[in-house]
Structure formats: C-alpha cells, structure tokens
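Q: Please find coords-v1.cif (mmCIF, C-alpha atoms) on the next line:
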```
data_entry
loop_
_atom_site.group_PDB
_atom_site.id
_atom_site.type_symbol
_atom_site.label_atom_id
_atom_site.label_comp_id
_atom_site.auth_asym_id
_atom_site.auth_seq_id
_atom_site.Cartn_x
_atom_site.Cartn_y
_atom_site.Cartn_z
ATOM 1 C CA MET A 1 29.858 -47.236 -14.241
ATOM 2 C CA ALA A 2 26.821 -48.019 -12.049
ATOM 3 C CA THR A 3 24.511 -45.044 -12.524
ATOM 4 C CA VAL A 4 21.174 -44.345 -10.874
ATOM 5 C CA ASP A 5 18.465 -42.584 -12.895
ATOM 6 C CA VAL A 6 16.125 -41.713 -10.034
ATOM 7 C CA LEU A 7 17.141 -39.219 -7.378
ATOM 8 C CA PRO A 8 17.846 -41.297 -4.238
ATOM 9 C CA GLU A 9 16.155 -38.677 -2.026
ATOM 10 C CA THR A 10 12.770 -39.537 -3.571
ATOM 11 C CA ALA A 11 12.758 -42.655 -1.374
ATOM 12 C CA ALA A 12 12.206 -40.368 1.624
ATOM 13 C CA VAL A 13 8.967 -39.079 0.040
ATOM 14 C CA HIS A 14 7.800 -42.375 -1.503
ATOM 15 C CA TRP A 15 4.128 -41.462 -1.001
ATOM 16 C CA ARG A 16 4.363 -38.500 -3.369
ATOM 17 C CA ARG A 17 3.455 -38.919 -7.012
ATOM 18 C CA ARG A 18 6.389 -38.152 -9.277
ATOM 19 C CA VAL A 19 6.006 -34.640 -10.660
ATOM 20 C CA ASP A 20 5.432 -34.330 -14.397
ATOM 21 C CA ALA A 21 4.021 -31.668 -16.721
ATOM 22 C CA GLY A 22 0.440 -32.867 -16.250
ATOM 23 C CA GLN A 23 0.694 -32.823 -12.493
ATOM 24 C CA LEU A 24 2.222 -29.345 -12.597
ATOM 25 C CA ARG A 25 -0.752 -28.056 -14.593
ATOM 26 C CA VAL A 26 -3.200 -29.607 -12.120
ATOM 27 C CA ARG A 27 -1.365 -28.171 -9.125
ATOM 28 C CA GLY A 28 -1.191 -24.775 -10.779
ATOM 29 C CA ARG A 29 -4.947 -24.755 -11.351
ATOM 30 C CA LEU A 30 -5.551 -25.855 -7.766
ATOM 31 C CA TRP A 31 -3.492 -22.898 -6.561
ATOM 32 C CA THR A 32 -5.574 -20.561 -8.754
ATOM 33 C CA LEU A 33 -8.769 -22.059 -7.320
ATOM 34 C CA THR A 34 -7.443 -21.660 -3.785
ATOM 35 C CA MET A 35 -6.670 -18.000 -4.428
ATOM 36 C CA ALA A 36 -10.160 -17.490 -5.866
ATOM 37 C CA ALA A 37 -11.630 -19.192 -2.798
ATOM 38 C CA HIS A 38 -9.812 -16.654 -0.641
ATOM 39 C CA VAL A 39 -10.507 -13.549 -2.702
ATOM 40 C CA ILE A 40 -14.089 -14.000 -3.936
ATOM 41 C CA PRO A 41 -15.801 -14.423 -0.517
ATOM 42 C CA PHE A 42 -14.071 -11.346 0.931
ATOM 43 C CA ALA A 43 -14.668 -9.210 -2.175
ATOM 44 C CA GLY A 44 -18.264 -10.459 -2.348
ATOM 45 C CA ALA A 45 -18.861 -9.683 1.314
ATOM 46 C CA ALA A 46 -17.492 -6.155 0.814
ATOM 47 C CA THR A 47 -19.817 -5.571 -2.147
ATOM 48 C CA LEU A 48 -22.817 -6.972 -0.305
ATOM 49 C CA LEU A 49 -22.150 -4.884 2.798
ATOM 50 C CA LEU A 50 -21.841 -1.688 0.797
ATOM 51 C CA SER A 51 -25.006 -2.390 -1.180
ATOM 52 C CA LEU A 52 -26.989 -3.097 2.009
ATOM 53 C CA GLN A 53 -25.576 -0.360 4.204
ATOM 54 C CA PRO A 54 -23.146 2.302 2.911
ATOM 55 C CA LEU A 55 -22.211 3.079 6.522
ATOM 56 C CA ALA A 56 -20.563 -0.348 6.608
ATOM 57 C CA LEU A 57 -17.759 1.070 4.451
ATOM 58 C CA PRO A 58 -15.029 0.501 7.086
ATOM 59 C CA VAL A 59 -15.964 -3.167 7.423
ATOM 60 C CA ALA A 60 -16.125 -3.492 3.638
ATOM 61 C CA LEU A 61 -12.642 -2.005 3.407
ATOM 62 C CA VAL A 62 -11.353 -4.552 5.936
ATOM 63 C CA CYS A 63 -12.849 -7.321 3.788
ATOM 64 C CA LEU A 64 -11.162 -5.909 0.673
ATOM 65 C CA ALA A 65 -7.876 -5.668 2.555
ATOM 66 C CA HIS A 66 -8.152 -9.355 3.389
ATOM 67 C CA ALA A 67 -8.891 -10.147 -0.259
ATOM 68 C CA TRP A 68 -5.704 -8.330 -1.220
ATOM 69 C CA ILE A 69 -3.404 -9.371 1.623
ATOM 70 C CA ILE A 70 -3.926 -13.138 1.573
ATOM 71 C CA PRO A 71 -2.762 -13.662 -2.060
ATOM 72 C CA GLU A 72 0.122 -11.265 -1.428
ATOM 73 C CA LEU A 73 1.229 -13.306 1.592
ATOM 74 C CA TYR A 74 1.221 -16.463 -0.514
ATOM 75 C CA ALA A 75 3.256 -14.721 -3.222
ATOM 76 C CA GLN A 76 5.674 -13.509 -0.539
ATOM 77 C CA ARG A 77 6.075 -17.094 0.628
ATOM 78 C CA GLY A 78 6.960 -18.000 -2.948
ATOM 79 C CA ALA A 79 9.500 -15.200 -3.281
ATOM 80 C CA ASN A 80 11.106 -16.192 0.022
ATOM 81 C CA VAL A 81 12.398 -19.480 -1.422
ATOM 82 C CA LEU A 82 15.025 -17.501 -3.345
ATOM 83 C CA ARG A 83 16.183 -15.492 -0.346
ATOM 84 C CA PRO A 84 19.539 -16.532 1.081
ATOM 85 C CA PRO A 85 18.986 -18.294 4.409
ATOM 86 C CA ARG A 86 19.595 -16.399 7.607
ATOM 87 C CA ARG A 87 22.588 -17.897 9.307
ATOM 88 C CA MET A 88 21.531 -18.035 12.908
ATOM 89 C CA GLY A 89 21.855 -20.296 15.922
ATOM 90 C CA GLY A 90 25.598 -20.088 16.239
ATOM 91 C CA HIS A 91 26.295 -21.004 12.634
ATOM 92 C CA GLU A 92 28.312 -18.112 11.360
ATOM 93 C CA ALA A 93 28.517 -17.145 7.713
ATOM 94 C CA PRO A 94 31.324 -19.050 5.966
ATOM 95 C CA ALA A 95 34.615 -17.209 5.616
ATOM 96 C CA ALA A 96 35.587 -15.536 2.360
ATOM 97 C CA GLY A 97 38.052 -18.304 1.388
ATOM 98 C CA PRO A 98 35.575 -21.215 1.447
ATOM 99 C CA GLU A 99 32.971 -18.944 -0.130
ATOM 100 C CA GLN A 100 35.268 -18.180 -3.050
ATOM 101 C CA ARG A 101 36.245 -21.840 -3.452
ATOM 102 C CA SER A 102 32.609 -22.893 -3.515
ATOM 103 C CA VAL A 103 31.723 -20.230 -6.072
ATOM 104 C CA GLY A 104 34.719 -21.351 -8.142
ATOM 105 C CA LEU A 105 33.450 -24.937 -8.188
ATOM 106 C CA LEU A 106 29.959 -23.744 -9.047
ATOM 107 C CA GLY A 107 31.444 -21.700 -11.887
ATOM 108 C CA ASP A 108 33.048 -24.859 -13.279
ATOM 109 C CA LEU A 109 29.610 -26.477 -13.484
ATOM 110 C CA VAL A 110 27.902 -23.697 -15.443
ATOM 111 C CA GLY A 111 28.550 -21.456 -18.432
ATOM 112 C CA HIS A 112 29.805 -17.903 -18.600
ATOM 113 C CA GLU A 113 26.354 -16.267 -18.665
ATOM 114 C CA ALA A 114 25.195 -18.239 -15.627
ATOM 115 C CA ARG A 115 28.386 -17.321 -13.755
ATOM 116 C CA GLU A 116 27.843 -13.647 -14.507
ATOM 117 C CA LEU A 117 24.195 -13.834 -13.394
ATOM 118 C CA HIS A 118 25.197 -15.595 -10.184
ATOM 119 C CA ALA A 119 27.738 -12.862 -9.431
ATOM 120 C CA ARG A 120 24.984 -10.230 -9.813
ATOM 121 C CA THR A 121 22.052 -11.995 -8.173
ATOM 122 C CA GLY A 122 23.343 -14.979 -6.158
ATOM 123 C CA LEU A 123 21.058 -17.178 -8.246
ATOM 124 C CA LEU A 124 21.471 -19.539 -11.173
ATOM 125 C CA VAL A 125 19.178 -20.001 -14.155
ATOM 126 C CA GLU A 126 19.089 -23.569 -15.428
ATOM 127 C CA PRO A 127 17.018 -24.805 -18.381
ATOM 128 C CA GLY A 128 15.271 -28.136 -17.872
ATOM 129 C CA SER A 129 12.707 -30.347 -19.565
ATOM 130 C CA LEU A 130 9.844 -29.115 -17.345
ATOM 131 C CA GLY A 131 10.758 -25.449 -17.860
ATOM 132 C CA THR A 132 13.359 -22.969 -16.742
ATOM 133 C CA TRP A 133 14.616 -23.125 -13.178
ATOM 134 C CA ILE A 134 15.966 -20.378 -10.957
ATOM 135 C CA VAL A 135 18.086 -21.995 -8.270
ATOM 136 C CA GLY A 136 19.027 -20.360 -4.982
ATOM 137 C CA GLU A 137 20.623 -21.535 -1.752
ATOM 138 C CA SER A 138 17.461 -22.829 -0.144
ATOM 139 C CA GLY A 139 14.924 -23.089 -2.901
ATOM 140 C CA ALA A 140 14.166 -23.061 -6.580
ATOM 141 C CA VAL A 141 11.527 -21.587 -8.856
ATOM 142 C CA LEU A 142 10.314 -23.437 -11.926
ATOM 143 C CA LEU A 143 8.824 -21.389 -14.758
ATOM 144 C CA HIS A 144 6.547 -23.836 -16.526
ATOM 145 C CA GLY A 145 4.331 -23.141 -19.519
ATOM 146 C CA ARG A 146 5.029 -21.639 -22.919
ATOM 147 C CA ARG A 147 2.785 -18.626 -23.453
ATOM 148 C CA ARG A 148 2.031 -17.511 -19.930
ATOM 149 C CA PRO A 149 4.493 -19.341 -17.729
ATOM 150 C CA ARG A 150 3.440 -20.030 -14.191
ATOM 151 C CA ALA A 151 5.974 -19.855 -11.366
ATOM 152 C CA TYR A 152 6.239 -22.894 -9.089
ATOM 153 C CA CYS A 153 8.229 -21.965 -5.994
ATOM 154 C CA TYR A 154 9.878 -24.860 -4.187
ATOM 155 C CA CYS A 155 11.511 -24.989 -0.774
ATOM 156 C CA VAL A 156 14.439 -27.369 -1.099
ATOM 157 C CA LYS A 157 17.910 -27.380 0.384
ATOM 158 C CA VAL A 158 20.757 -29.521 1.585
ATOM 159 C CA ASP A 159 19.246 -31.742 4.252
ATOM 160 C CA PRO A 160 19.949 -29.748 7.446
ATOM 161 C CA ARG A 161 19.909 -32.938 9.545
ATOM 162 C CA ARG A 162 23.147 -34.053 7.893
ATOM 163 C CA SER A 163 26.413 -33.302 9.622
ATOM 164 C CA GLY A 164 28.161 -30.338 8.009
ATOM 165 C CA ALA A 165 25.119 -29.173 6.048
ATOM 166 C CA ARG A 166 24.719 -25.935 7.997
ATOM 167 C CA GLU A 167 28.345 -24.911 7.510
ATOM 168 C CA LEU A 168 28.287 -25.175 3.720
ATOM 169 C CA PRO A 169 29.184 -21.979 1.838
ATOM 170 C CA SER A 170 26.545 -20.520 -0.477
ATOM 171 C CA GLY A 171 28.126 -21.730 -3.727
ATOM 172 C CA ASP A 172 28.120 -25.318 -2.460
ATOM 173 C CA ARG A 173 24.488 -25.068 -1.380
ATOM 174 C CA ILE A 174 23.507 -24.054 -4.894
ATOM 175 C CA ALA A 175 25.810 -26.684 -6.436
ATOM 176 C CA HIS A 176 24.083 -29.386 -4.362
ATOM 177 C CA LEU A 177 20.693 -28.365 -5.735
ATOM 178 C CA LEU A 178 22.008 -27.918 -9.265
ATOM 179 C CA LEU A 179 23.555 -31.391 -9.415
ATOM 180 C CA ALA A 180 20.401 -32.999 -8.005
ATOM 181 C CA LEU A 181 18.276 -31.065 -10.498
ATOM 182 C CA ARG A 182 20.488 -32.065 -13.409
ATOM 183 C CA SER A 183 20.484 -35.737 -12.483
ATOM 184 C CA ASP A 184 16.687 -36.105 -12.082
ATOM 185 C CA GLU A 185 14.560 -33.019 -12.660
ATOM 186 C CA GLN A 186 11.228 -34.700 -11.903
ATOM 187 C CA GLY A 187 12.667 -36.307 -8.788
ATOM 188 C CA PHE A 188 13.999 -32.925 -7.695
ATOM 189 C CA ALA A 189 10.519 -31.370 -8.011
ATOM 190 C CA THR A 190 9.049 -34.357 -6.160
ATOM 191 C CA VAL A 191 11.404 -34.047 -3.189
ATOM 192 C CA ALA A 192 10.954 -30.271 -2.941
ATOM 193 C CA ASN A 193 8.008 -28.727 -1.097
ATOM 194 C CA LEU A 194 5.777 -26.477 -3.183
ATOM 195 C CA ALA A 195 5.406 -23.144 -1.384
ATOM 196 C CA PHE A 196 3.506 -21.226 -4.034
ATOM 197 C CA ALA A 197 2.317 -21.461 -7.625
ATOM 198 C CA GLY A 198 1.020 -18.497 -9.538
ATOM 199 C CA ALA A 199 1.569 -15.897 -12.214
ATOM 200 C CA THR A 200 5.109 -14.612 -12.585
ATOM 201 C CA TRP A 201 3.959 -10.999 -12.162
ATOM 202 C CA ARG A 202 2.662 -11.844 -8.695
ATOM 203 C CA LEU A 203 6.024 -13.283 -7.775
ATOM 204 C CA ARG A 204 7.986 -10.412 -9.334
ATOM 205 C CA ARG A 205 6.236 -7.845 -7.145
ATOM 206 C CA ARG A 206 7.414 -9.607 -4.001
ATOM 207 C CA MET A 207 11.015 -10.117 -5.114
ATOM 208 C CA GLY A 208 14.010 -7.933 -4.348
ATOM 209 C CA LYS A 209 15.785 -6.108 -7.147
ATOM 210 C CA PRO A 210 18.615 -8.649 -7.660
ATOM 211 C CA THR A 211 16.277 -11.631 -7.751
ATOM 212 C CA ARG A 212 14.052 -9.807 -10.248
ATOM 213 C CA ALA A 213 17.037 -9.709 -12.597
ATOM 214 C CA ALA A 214 17.280 -13.511 -12.346
ATOM 215 C CA LEU A 215 13.555 -13.845 -13.051
ATOM 216 C CA LYS A 216 13.926 -11.593 -16.077
ATOM 217 C CA ALA A 217 16.842 -13.679 -17.344
ATOM 218 C CA ALA A 218 14.842 -16.886 -16.851
ATOM 219 C CA LEU A 219 11.808 -15.469 -18.663
ATOM 220 C CA ALA A 220 13.823 -14.121 -21.616
ATOM 221 C CA PRO A 221 14.047 -17.405 -23.585
ATOM 222 C CA ILE A 222 10.354 -18.116 -22.904
ATOM 223 C CA ASP A 223 9.354 -14.636 -24.129
ATOM 224 C CA THR A 224 11.483 -15.137 -27.247
ATOM 225 C CA ARG A 225 9.812 -18.482 -28.013
ATOM 226 C CA SER A 226 6.260 -17.211 -27.430
ATOM 227 C CA SER A 227 6.831 -14.147 -29.642
ATOM 228 C CA GLY A 228 8.065 -16.423 -32.448
ATOM 229 C CA ALA A 229 11.463 -14.752 -32.635
ATOM 230 C CA PRO A 230 14.252 -16.908 -34.035
ATOM 231 C CA MET B 1 44.279 -36.459 -13.814
ATOM 232 C CA SER B 2 40.888 -37.374 -12.341
ATOM 233 C CA ARG B 3 39.724 -35.926 -9.036
ATOM 234 C CA LEU B 4 37.327 -36.962 -6.293
ATOM 235 C CA ILE B 5 36.095 -33.938 -4.382
ATOM 236 C CA ARG B 6 33.687 -33.457 -1.516
ATOM 237 C CA MET B 7 31.657 -30.276 -1.027
ATOM 238 C CA ASP B 8 32.093 -29.210 2.584
ATOM 239 C CA HIS B 9 32.639 -26.227 4.882
ATOM 240 C CA THR B 10 35.965 -25.440 3.206
ATOM 241 C CA GLY B 11 34.325 -24.948 -0.201
ATOM 242 C CA HIS B 12 35.503 -28.355 -1.327
ATOM 243 C CA SER B 13 38.157 -30.869 -0.377
ATOM 244 C CA THR B 14 40.073 -33.046 -2.797
ATOM 245 C CA LEU B 15 39.967 -36.590 -1.420
ATOM 246 C CA ALA B 16 41.771 -38.432 -4.181
ATOM 247 C CA GLU B 17 43.496 -37.913 -7.504
ATOM 248 C CA TRP B 18 44.238 -40.682 -9.945
ATOM 249 C CA THR B 19 44.890 -41.706 -13.495
ATOM 250 C CA PRO B 20 43.381 -44.921 -14.842
ATOM 251 C CA GLU B 21 46.891 -46.213 -15.574
ATOM 252 C CA ASP B 22 47.888 -46.046 -11.909
ATOM 253 C CA PRO B 23 46.228 -48.990 -10.087
ATOM 254 C CA ALA B 24 47.431 -47.920 -6.638
ATOM 255 C CA ALA B 25 45.977 -44.435 -7.027
ATOM 256 C CA VAL B 26 42.724 -45.902 -8.377
ATOM 257 C CA GLU B 27 42.529 -48.263 -5.413
ATOM 258 C CA ALA B 28 43.046 -45.373 -2.980
ATOM 259 C CA ALA B 29 40.371 -43.368 -4.766
ATOM 260 C CA VAL B 30 37.918 -46.282 -4.655
ATOM 261 C CA THR B 31 38.555 -46.674 -0.920
ATOM 262 C CA ALA B 32 37.982 -42.953 -0.304
ATOM 263 C CA PHE B 33 34.897 -43.026 -2.515
ATOM 264 C CA ARG B 34 33.322 -45.934 -0.612
ATOM 265 C CA ALA B 35 34.125 -44.371 2.741
ATOM 266 C CA GLU B 36 32.268 -41.185 1.774
ATOM 267 C CA LEU B 37 29.299 -43.150 0.443
ATOM 268 C CA ASP B 38 29.166 -44.964 3.778
ATOM 269 C CA ARG B 39 29.055 -41.566 5.495
ATOM 270 C CA GLY B 40 25.916 -40.725 3.515
ATOM 271 C CA TYR B 41 27.382 -38.717 0.657
ATOM 272 C CA LEU B 42 26.061 -39.095 -2.885
ATOM 273 C CA ALA B 43 28.432 -39.141 -5.847
ATOM 274 C CA MET B 44 27.711 -37.106 -8.962
ATOM 275 C CA VAL B 45 29.367 -36.939 -12.349
ATOM 276 C CA SER B 46 28.710 -34.272 -14.967
ATOM 277 C CA THR B 47 27.722 -35.892 -18.248
ATOM 278 C CA GLY B 48 27.586 -32.847 -20.494
ATOM 279 C CA PRO B 49 26.053 -29.382 -20.314
ATOM 280 C CA GLY B 50 23.019 -29.415 -18.034
ATOM 281 C CA HIS B 51 23.293 -33.111 -17.223
ATOM 282 C CA ALA B 52 24.627 -35.053 -14.270
ATOM 283 C CA GLU B 53 24.436 -38.631 -13.099
ATOM 284 C CA HIS B 54 24.395 -40.186 -9.684
ATOM 285 C CA VAL B 55 26.929 -43.011 -9.493
ATOM 286 C CA ARG B 56 27.406 -45.783 -6.947
ATOM 287 C CA GLU B 57 30.798 -46.943 -8.131
ATOM 288 C CA LEU B 58 33.802 -44.783 -8.833
ATOM 289 C CA PRO B 59 33.827 -43.941 -12.548
ATOM 290 C CA VAL B 60 37.536 -44.384 -13.123
ATOM 291 C CA TYR B 61 37.562 -42.510 -16.446
ATOM 292 C CA ALA B 62 35.570 -39.484 -15.234
ATOM 293 C CA GLU B 63 37.566 -36.286 -14.848
ATOM 294 C CA LEU B 64 35.674 -35.026 -11.825
ATOM 295 C CA VAL B 65 33.537 -36.877 -9.294
ATOM 296 C CA ILE B 66 31.690 -34.639 -6.831
ATOM 297 C CA LEU B 67 30.356 -35.834 -3.496
ATOM 298 C CA ARG B 68 27.294 -34.053 -2.195
ATOM 299 C CA LEU B 69 24.941 -34.379 0.746
ATOM 300 C CA PRO B 70 21.303 -35.393 0.223
ATOM 301 C CA ILE B 71 18.726 -32.680 -0.311
ATOM 302 C CA ALA B 72 15.322 -32.380 1.335
ATOM 303 C CA GLY B 73 12.199 -30.254 1.054
ATOM 304 C CA GLY B 74 12.385 -27.203 3.278
#
```
Let me see whether you can do it: turn the structure in this file into structure tokens.
A:
Amino acid sequence: MATVDVLPETAAVHWRRRVDAGQLRVRGRLWTLTMAAHVIPFAGAATLLLSLQPLALPVALVCLAHAWIIPELYAQRGANVLRPPRRMGGHEAPAAGPEQRSVGLLGDLVGHEARELHARTGLLVEPGSLGTWIVGESGAVLLHGRRRPRAYCYCVKVDPRRSGARELPSGDRIAHLLLALRSDEQGFATVANLAFAGATWRLRRRMGKPTRAALKAALAPIDTRSSGAP
Amino acid sequence: MSRLIRMDHTGHSTLAEWTPEDPAAVEAAVTAFRAELDRGYLAMVSTGPGHAEHVRELPVYAELVILRLPIAGG
C-alpha cells in the first residue's frame, strides 16, 4: 500500500514552516505581544489624559473602550471558526437525507462520546499529539499547553474552489477535516490559517452555548492531567 | 466486503465493493479509484483510533477507503 505521510495540501503553502510545538509557543507569545501593543497604548493614553485634565474623561473612556474592544474583536474572530458556515449564494442547505448519511459516516469514524458531543454541539473533539482539537465545519481550535492551555483558532475547510465542495453536508465537511487532521496533524495546522491565539477564557466568552460545551469537553482531559488526577 | 466511498452532496456514494479473492471486482475498484484520484480526490484509510493514512494506490485489504476533497485555509 503506497502511503503518504505528509498532507498533500501542504504543497500549496510550501513557503510556510511546518507547525510544531515550538512554533506554536512562539506564535502564541506573538499574539500576546500584539494584544499588549493594542491595549497598553490606549489604556496608557486614558490614564495620561485623566491625570492631565479630568475634563478629558469622555476621551479617556473612548480610549478605554478601544483597549477593550480590539482584543474582544480578535477573540470573536477566533470563536467564529467554529460557527457553521452560512449557506448563501444559491447554495441551499443540504437535504435531511444526505445530512443524515454524512453524520452516519462521521459517526463510524469516531467513538460513542464524540458522536454524542457532535449531536449536541455540531462539533467533534479529537485528541492529537499537539493538543486537543475541536473540529467544526469550517475551522478547528487547537488547545495546546498543559497547565494553562492556549487556544489556537484555525480557519480551514474543504477547498471551496473544488467542484462539489459547497454542496457537501455538514457531517462530510467535518469528516474531511478530521481525516486530514488524523493523517498529518502538523500538516493540517500548517495548511490552516491562524485566526486567533489566546487564553481559553477569552474564547469561551465569545462562543455560543453549544460550542462552549465542546470547549468544556476538550478542556476536561487537560484539567484532569494538570490537577494530577488519575 | 471492502468498500470505496466518496464523500459528496449525497452524504456519500459507494463507488466500488470488492473482496480480495475476486480479481474482477478488485480491478473495477482500482479503475474507479484511479478515476477519482484523477478528478482531484484524495484517498484515506483509517489505521486505528485517531489515525488515518493518505494512500495513492487502492489498499485491497482495507475494509473502507474514503475519498475526500482537498482542504485549504479559510
């Protein structure tokens, strides 16, 4: 059987360095620095304005609002990767039959717990060597790090330029990502576009209720390990 | 019975079924497999819990071979 270890799609992004644990840490720190670069100037300006002229309170409040809104917008961008795509532009939602068939195939690829979680949230939780993944229809979130895991939110989906890609039912979309992830996890993270990296609590605040349940399920094994429970 | 399936708008379509002892069925499956690869599909085989492999030739002894489209960053 002629097998291929590296995800073939990585050839389309040959200029990117293959993602590994070290690179994830560096990218995570860069995201933290970027957030600090957004927040500190605005918060500093607000403090300075108030200390120089208390009547400048409204302007100081605008500065503080910017310091709060910009990181929230980034976190929202991260949470959006797990939202089901809007089916627009004449591409109607797949009928119930294909949807059920696709979910049935997806169910064959995963265990009972994952099937149950997918039924509740529309998302899958998949353990990997880089961390725990939450896989949706058009994106995936990697929880990397043992004690305080950081969330890496990736935009990745079935290539929409391919014929038939837009008509795929939701279960098949997830199965595409799951199979690619399982065959080459680092390649999967290399092909995907990083939309956000940050603390899981920042992501949780921007998620809907069902997706929060998937995040909780993904964090559970990490919490167990970090607390030293058997 | 081994199956070659393609994920598509119907959920999935079974393109071929074969047993290794049936050369004609294997030949038909290989032909279907190559035709889908030529159309740009990628073939995947599950190799245990949480693991899958991309294959370029039909693994005759695999129970299930799944054809998927390439993925891309969004």
Q: Can you tell me which residues surround range 97-112 of chain A at a distance of at most 7 Å, considering only C-alpha atoms, apart from same-chain residues fewer than 3 positions away, and format the answer as an NGL selection string?
A: (:A and (94 or 115-116 or 169-172 or 175)) or (:B and (9-12))
Q: Which residues of chain A sit at most 7 Å from chain B, using only C-alpha atoms? Give each one's shortest atom pair and distance in Å (one decimal place), in chain and ascending residue order, as JSON lines.
A:
```
{"residue": "A:Met1", "atom": "CA", "partner": "B:Pro59", "partner_atom": "CA", "distance": 5.4}
{"residue": "A:Ala2", "atom": "CA", "partner": "B:Arg56", "partner_atom": "CA", "distance": 5.6}
{"residue": "A:Thr3", "atom": "CA", "partner": "B:Val55", "partner_atom": "CA", "distance": 4.4}
{"residue": "A:Val4", "atom": "CA", "partner": "B:His54", "partner_atom": "CA", "distance": 5.4}
{"residue": "A:Glu9", "atom": "CA", "partner": "B:Pro70", "partner_atom": "CA", "distance": 6.5}
{"residue": "A:Pro98", "atom": "CA", "partner": "B:Gly11", "partner_atom": "CA", "distance": 4.3}
{"residue": "A:Glu99", "atom": "CA", "partner": "B:Gly11", "partner_atom": "CA", "distance": 6.2}
{"residue": "A:Arg101", "atom": "CA", "partner": "B:Gly11", "partner_atom": "CA", "distance": 4.9}
{"residue": "A:Ser102", "atom": "CA", "partner": "B:Gly11", "partner_atom": "CA", "distance": 4.3}
{"residue": "A:Cys155", "atom": "CA", "partner": "B:Gly74", "partner_atom": "CA", "distance": 4.7}
{"residue": "A:Val156", "atom": "CA", "partner": "B:Gly73", "partner_atom": "CA", "distance": 4.2}
{"residue": "A:Lys157", "atom": "CA", "partner": "B:Ile71", "partner_atom": "CA", "distance": 5.4}
{"residue": "A:Val158", "atom": "CA", "partner": "B:Ile71", "partner_atom": "CA", "distance": 4.2}
{"residue": "A:Asp159", "atom": "CA", "partner": "B:Ile71", "partner_atom": "CA", "distance": 4.7}
{"residue": "A:Gly164", "atom": "CA", "partner": "B:Asp8", "partner_atom": "CA", "distance": 6.8}
{"residue": "A:Glu167", "atom": "CA", "partner": "B:His9", "partner_atom": "CA", "distance": 5.2}
{"residue": "A:Leu168", "atom": "CA", "partner": "B:His9", "partner_atom": "CA", "distance": 4.6}
{"residue": "A:Pro169", "atom": "CA", "partner": "B:His9", "partner_atom": "CA", "distance": 6.3}
{"residue": "A:Asp172", "atom": "CA", "partner": "B:Met7", "partner_atom": "CA", "distance": 6.3}
{"residue": "A:His176", "atom": "CA", "partner": "B:Arg68", "partner_atom": "CA", "distance": 6.1}
{"residue": "A:Leu179", "atom": "CA", "partner": "B:Ala52", "partner_atom": "CA", "distance": 6.2}
{"residue": "A:Arg182", "atom": "CA", "partner": "B:His51", "partner_atom": "CA", "distance": 4.8}
{"residue": "A:Ser183", "atom": "CA", "partner": "B:Ala52", "partner_atom": "CA", "distance": 4.6}
{"residue": "A:Val191", "atom": "CA", "partner": "B:Gly73", "partner_atom": "CA", "distance": 5.7}
{"residue": "A:Ala192", "atom": "CA", "partner": "B:Gly73", "partner_atom": "CA", "distance": 4.2}
{"residue": "A:Asn193", "atom": "CA", "partner": "B:Gly73", "partner_atom": "CA", "distance": 5.0}
```
Q: Looking at A:Arg25, A:Arg18, A:Lys216, A:Arg146, which one is nearest to Trp201 in chain A, with distances taken over all atoms listed in the file?
A: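 Once distances to Trp201 in chain A are computed over all atoms listed in the file, the minimum belongs to A:Lys216.
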Q: Counting only C-alpha atoms, figure out which residue out of A:Ala220, A:Met35, A:Leu50, A:Ala119 gets nearest to Leu73 in chain A.
A: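 Looking at the shortest contact to Leu73 in chain A, the residue is A:Met35.
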Q: Applying 12 Å and only C-alpha atoms, which residues near Ile40 in chain A remain after dropping the ones on its own chain fewer than 2 positions away? List them as a list of chain:residue names.
A: A:Thr32, A:Leu33, A:Thr34, A:Met35, A:Ala36, A:Ala37, A:His38, A:Phe42, A:Ala43, A:Gly44, A:Ala45, A:Ala46, A:Thr47, A:Leu48, A:Cys63, A:Leu64, A:His66, A:Ala67, A:Trp68, A:Ile70, A:Pro71
Q: By how many Å are CA of Leu203 in chain A and CA of Arg16 in chain A apart?
A: 25.7 Å
Q: Take the PyMOL selection byres ((chain A and resi 77) around 12), run it mentally on this structure, and tell me the resulting residues as a PyMOL selection string.
A: chain A and resi 70-76+78-83+139+141+152-155+193-198+202-203+206-207
Q: So how far away is CA of Ala199 in chain A from CA of Ile69 in chain A, in Å?
A: 16.1 Å
Q: Would you kindly return, as number ranges by chain, each protein, DNA or RNA residue with an atom no farther than 8 Å from any atom of Glu185 in chain A, considering only C-alpha atoms and excluding same-chain residues fewer than 5 positions away?
A: A: 128-130, 180
Q: Write the selection just made, keeping C-alpha atoms, as a CSV table (one decimal), keeping the file's coordinate frame?
A:
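See result-v7.csv below for the written result:
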```csv
chain,number,residue,atom,x,y,z
A,128,GLY,CA,15.3,-28.1,-17.9
A,129,SER,CA,12.7,-30.3,-19.6
A,130,LEU,CA,9.8,-29.1,-17.3
A,180,ALA,CA,20.4,-33.0,-8.0
```
Q: Specify as a PyMOL selection string each residue included when the PyMOL selection byres ((chain B and resi 17) around 10) is applied to this file.
A: chain B and resi 1-5+14-16+18-19+25-26+28-29+63-64
Q: So what do you get for CA of Arg212 in chain A versus CA of Leu7 in chain A, distance-wise?
A: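 Separating CA of Arg212 in chain A from CA of Leu7 in chain A is a distance of 29.7 Å.
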Q: Considering only C-alpha atoms, return as a PyMOL selection string whatever protein or nucleic-acid residues lie within 9 Å of Pro127 in chain A, sequence-local ones (same chain, fewer than 4 positions apart) excluded.
A: (chain A and resi 131-134+218) or (chain B and resi 50)
Q: Contacts of Ala217 in chain A at 10 Å or less, counting all atoms listed in the file, minus same-chain residues fewer than 5 places along, as a PyMOL selection string?
A: chain A and resi 113-114+117+124-125+132+134+211-212+222
